[in-house]
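Report on the following structure.
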Amino acid sequence: MPLRRVLCLVAVGRWRPRFREGTHVSVNLSKGQGISLQKSDGATLTAVRMGLGWQAAQRRGLFGKRTKEIDLDASAVLFADKQPVDVVFFRHLVSDDGSVKHTGDNLVGGAGQGGDDEAILVDLQRVPVHIDQIVFTVNSFTGQTFAEVENAFCRLVDETNGQEMARYTLTGGGQYTAQIMAKVHRQGSGWQMTALGEPANGRTFQDLMPTILPKL
Amino acid sequence: MTAELVRGQNHPLPGARVEIRVSAGTPVVAGATLNDAQGRMRDAGWIAHPAAPQLPGVEVSRQAAAVHHLAVDLDALREDVHRVNVLLALPTGPGAPADFAGLAAPFLAVTGLDGEQIASYTVTGLSAESAVVALELYLRQGTWKVRAVGQGYAGGLAAMLADQGLAEAHTLADTINETVAAGMARSVAPAPDRPTRHAPGNRPEAERPTPGGGPIDYRHPRRAASTPPAAPSTAARPGTVPPQGGAADGSRPAAAPVAGDAPGWSMEERLYNQVWGMFEDLARSVAAYRSAVDFADSRMERELDSVLDDPRARVGSAVETARAEAQARHSALVEQARAVLERDMAQLEAESEVVEPALPPALARWDNPVWQAYEPPAEPPMALRVGDLSIPERAGLRIPMLVRLPLERGLWIDSGRLRGGEAGPVDGDELRRLAQLTATALAARIVAVHPADELTLQVIDPAGSAAGALLPLVESGVLPEAPAAGASGVARTLERLTRRVDLVQMAVRNQATDALPPDLDLADQLLIVHDFPHGFDDRAVNQLRYLADEGPSVGVGLLMVADREEARGYGPVLDPLWRSLLRLTPVPDDHLADPWVGHAWTYEPPLAPSGSQVVPQVLRRVVAARHSSGG
């Protein structure tokens, strides 16, 4: 698996269209539920974003409220025929082909206002032809379980217009440190997303491979 | 002085009365919305549009057109207006383009009353949008400024107006579109993409010959699809805009590439970033292709292995069938990957075709016409093209190899046998000669892109073996003195440059640059060393290493022509020197790796086409400029 370089060059998204639209119709996914990534007008999706947001958990300490920092990491593993071919995570921010980009590592999470703290952008049209599945995962790098994380979510957004297509809530995830969130896979000429929501334990995506493989 | 704005950049406005000139490749609707201090449009009366073209302080035109002039008087605006948004929208209606994809990027210029351009902005990167807020004029602490916005809306005018808080956005958008459509019926929109052999220029529609030659056209006015698009304009009827190419069949063509389509503060920086963007895109596209092919290969191998492992399948035709199937799957995947690669290459080639002619001299090849019109610049450029890079998948697509100036590391032109051993027809002497020519071509480039007086060449040619290649530099007079020859010449030149580095370093460290001796040449220096290590003793080698390490920070660059084998006698002492230099080759060679995926790129040196006089001609202009400035 190519984990060769630590890239600090975040590419300028030259082929990525940018504009926005106001409406938000989102599906709240439950585990195992699949949605087709077709737009309402029949056109297939061209660019999606996997956004991850969380708020550091608060705990009562001796000196009152104290915030403990929590580092969640989003990763995307690219599979061809059930073999991992490439991975995009905080140490390899752009897939070798440039179609999958991580916007950068966030070590502490947000204020819980609902914005994405980490995001992975996928330009579906530019994904190499042999890649047939992309699995998105979330890990707790600092080791806290999801029970300690507040307001955590993972969502899939149509990057061309900013519309949220699916949302998955992590909060109350129990004594787990990782979760296989969702997979995006080829379906006919387009792509489909399936929510996986499979809990797991591990510090980085490598630890999750045994959990991912049966889900492909 | 025009400020070329990039998205998000702002610029102060010198006066209250400005004109905004819009030019687009197709008729567009131009309008202006007014916002209060909270950024909201209070009501429908806060927008100047074709149906209501005049508001206090703002006037727009009544119809869609490819060119607009908007007049704004900021003093005449209502008190509570804090922002004026300049918007562009595509007209709706049959035949009009559905979005900005594939259309030329709209250009806006803000000018004063005297016609003096204050700021300009090219709205690049639009695709599926059909309306865009291009500029905003806004009040910040009592002064008005202009900002490049470039915010597009796929939902068109209605979405844009709703975004600014207008409740009746849809109604108003419909009103505007109706007005524009009515205006279109009166005026004839030019058809930019259609060949109009019979109706050149802006000849009024009424004068166009009716198809068929008779006074009446018997064909159905809306059923023009059978007409081949290349035919003379027959489909255009009053009240319709001829369809744009590609929009009719539903497949969206990739946006036409534009030179300078990248972030940056100046055109030069944008082109520089665009070239790096193309480099990265090419590297990644090829990586996608190669990984797909690798995967196809390994999958086929696996499938064939599994067939052979199964003893039952070994008999009969099952093996052959399985083999054929595996091969078919392999070639299908490779073909698919190839098609994607072709698509990307076509886009990059189209981009390269518009970018190359737009490059300034420092980034252009010698055969670019920009060198024919060369004049010594007033400022050194940010980067220099030191050659071309290409990749075997598409050898014809050559990406400029750009390095930042001033050079952070020296250049080493390797005159030795190539590592790959594929030098082929080029023998050692020829290679050495080509290396010397490459050095001259690079030196001429570096001299030419600096202001005439700001770079001095120093040449060490101990045995005089590079005299032929140095001729253009000597003859033109760019070299102030003859190349240093012999061991004494080497020692003298290195001594002088070492002293300069020492003095300047000391002066900079003590902030006493005015205390430098008057005989010191303050221009940047470029030292060209031929035939290394000929004529070098241990002391000279140490001085050279010192210059390579310390020189770049005080404006002393190094360009070496050397064969590493010949300097072998010095042992590992020189290894750090070789490592610190950027190695270039006099013949195409694939020794450079990109920073993203590490492909091996074929480097081609920046030699002028054979027989071209461009290099001597450019050098003569440099010398002429030096004389005229009294240098």
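By convention in this document, the chains of the structure tokens carry letters A, B, ... by their order, each chain's residues are numbered from 1, and ligands are numbered from 1 in the order they are shown.
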
Exercise for the section: Find the residues in chain A near chain B: any atom within 6 Å counts, using only C-alpha atoms. Write them as a PyMOL selection string. Expected result: chain A and resi 19+96-98+128-130

Handout entry: Which residue of A:Val135, A:Leu121, A:Val87, A:Leu156 approaches Arg186 in chain A most closely, using only C-alpha atoms
Key = A:Val135

DSSP on the backbone, helix (DSSP H, G or I) only: what residues of range 37-186 of chain B does that give? Format it as a compact mmCIF listing (two decimals) with C-alpha atoms, in the first residue's frame.
```txt
# COMPACT_ATOMS: atom_id res chain seq x y z
CA ALA B 44 -37.44 44.67 -5.02
CA GLY B 45 -36.78 48.36 -5.48
CA TRP B 46 -33.19 47.76 -4.48
CA LEU B 74 -21.64 56.31 -5.20
CA ASP B 75 -22.47 59.75 -3.79
CA ALA B 76 -25.93 59.65 -5.30
CA GLY B 156 -29.84 31.40 -11.66
CA LEU B 157 -31.13 34.85 -10.85
CA ALA B 158 -33.83 33.60 -8.52
CA ALA B 159 -31.33 31.76 -6.32
CA MET B 160 -29.04 34.76 -6.26
CA LEU B 161 -31.79 37.19 -5.28
CA ALA B 162 -33.09 34.81 -2.63
CA ASP B 163 -29.56 34.57 -1.24
CA ALA B 169 -37.00 36.52 -5.63
CA HIS B 170 -38.76 34.20 -8.05
CA THR B 171 -41.32 36.75 -9.20
CA LEU B 172 -38.67 39.36 -9.78
CA ALA B 173 -36.40 36.91 -11.63
CA ASP B 174 -39.29 36.02 -13.91
CA THR B 175 -39.99 39.70 -14.58
CA ILE B 176 -36.37 40.29 -15.49
CA ASN B 177 -36.25 37.27 -17.78
CA GLU B 178 -39.44 38.31 -19.54
CA THR B 179 -38.15 41.82 -20.11
CA VAL B 180 -34.93 40.45 -21.49
CA ALA B 181 -36.74 38.02 -23.75
CA ALA B 182 -38.89 40.85 -25.08
CA GLY B 183 -35.75 42.89 -25.64
CA MET B 184 -34.16 40.01 -27.50
CA ALA B 185 -37.10 39.86 -29.86
CA ARG B 186 -36.41 43.45 -30.84
```

Handout entry: Filtered DSSP result for range 72-159 of chain A, state strand (DSSP E), as number ranges by chain
Key = A: 72-80, 83-88, 100-102, 118-123, 133-140, 150-158

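Among the candidates B:Asn368, B:Arg147, B:Tyr546, B:Glu269, the residue lying nearest to Ala383 in chain B is B:Glu269 (atoms considered: only C-alpha atoms).
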
Handout entry: Minimum-distance residue to Pro257 in chain B, chosen among B:Leu405, B:Val22, B:Ala487, B:Leu348 (using only C-alpha atoms)
Key = B:Leu348

Exercise for the section: Mind checking which residues fall within 12 Å of Val77 in chain A, counting only C-alpha atoms, ignoring those fewer than 4 positions away in the same chain, and posting them as a ChimeraX atom specification? Expected result: /A:1-3,82-89,92-95,100-102,120,122,131-138,180-185,204-206,208-209,212-213,216

Problem - Nearest-residue call for Ala608 in chain B, choices B:Leu90, B:Met41, B:Ile20, B:Leu442, using only C-alpha atoms - result: B:Leu442

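Note that CA of Gly102 in chain B and CA of Glu59 in chain B are 29.3 Å apart.
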
Practice task
Write out as a PyMOL selection string which residues come within 9 Å of Met382 in chain B when counting only C-alpha atoms, dropping same-chain ones fewer than 4 positions away.
Solution key: chain B and resi 268-269+272+362+403-406

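With distances restricted to only C-alpha atoms, A:Val127 is the closest residue to Leu78 in chain A from A:Gln55, A:Arg49, A:Val127, A:Val108.
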
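The gap separating CA of Val149 in chain B from CA of Leu52 in chain A is 28.1 Å, in Å to one decimal.
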
Exercise for the section: Fewer than 3 positions away in the same chain doesn't count, so skip those; otherwise give me all residues within 7 Å of Glu136 in chain B, counting only C-alpha atoms, as a PyMOL selection string. Expected result: chain B and resi 83-86+146-149

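Closest to Pro472 in chain B among B:Ser298, B:Thr513, B:Gln617, B:Ser415 is B:Gln617, based on only C-alpha atoms.
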
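In this model, the gap between CA of Leu470 in chain B and CA of Val573 in chain B comes to 29.4 Å.
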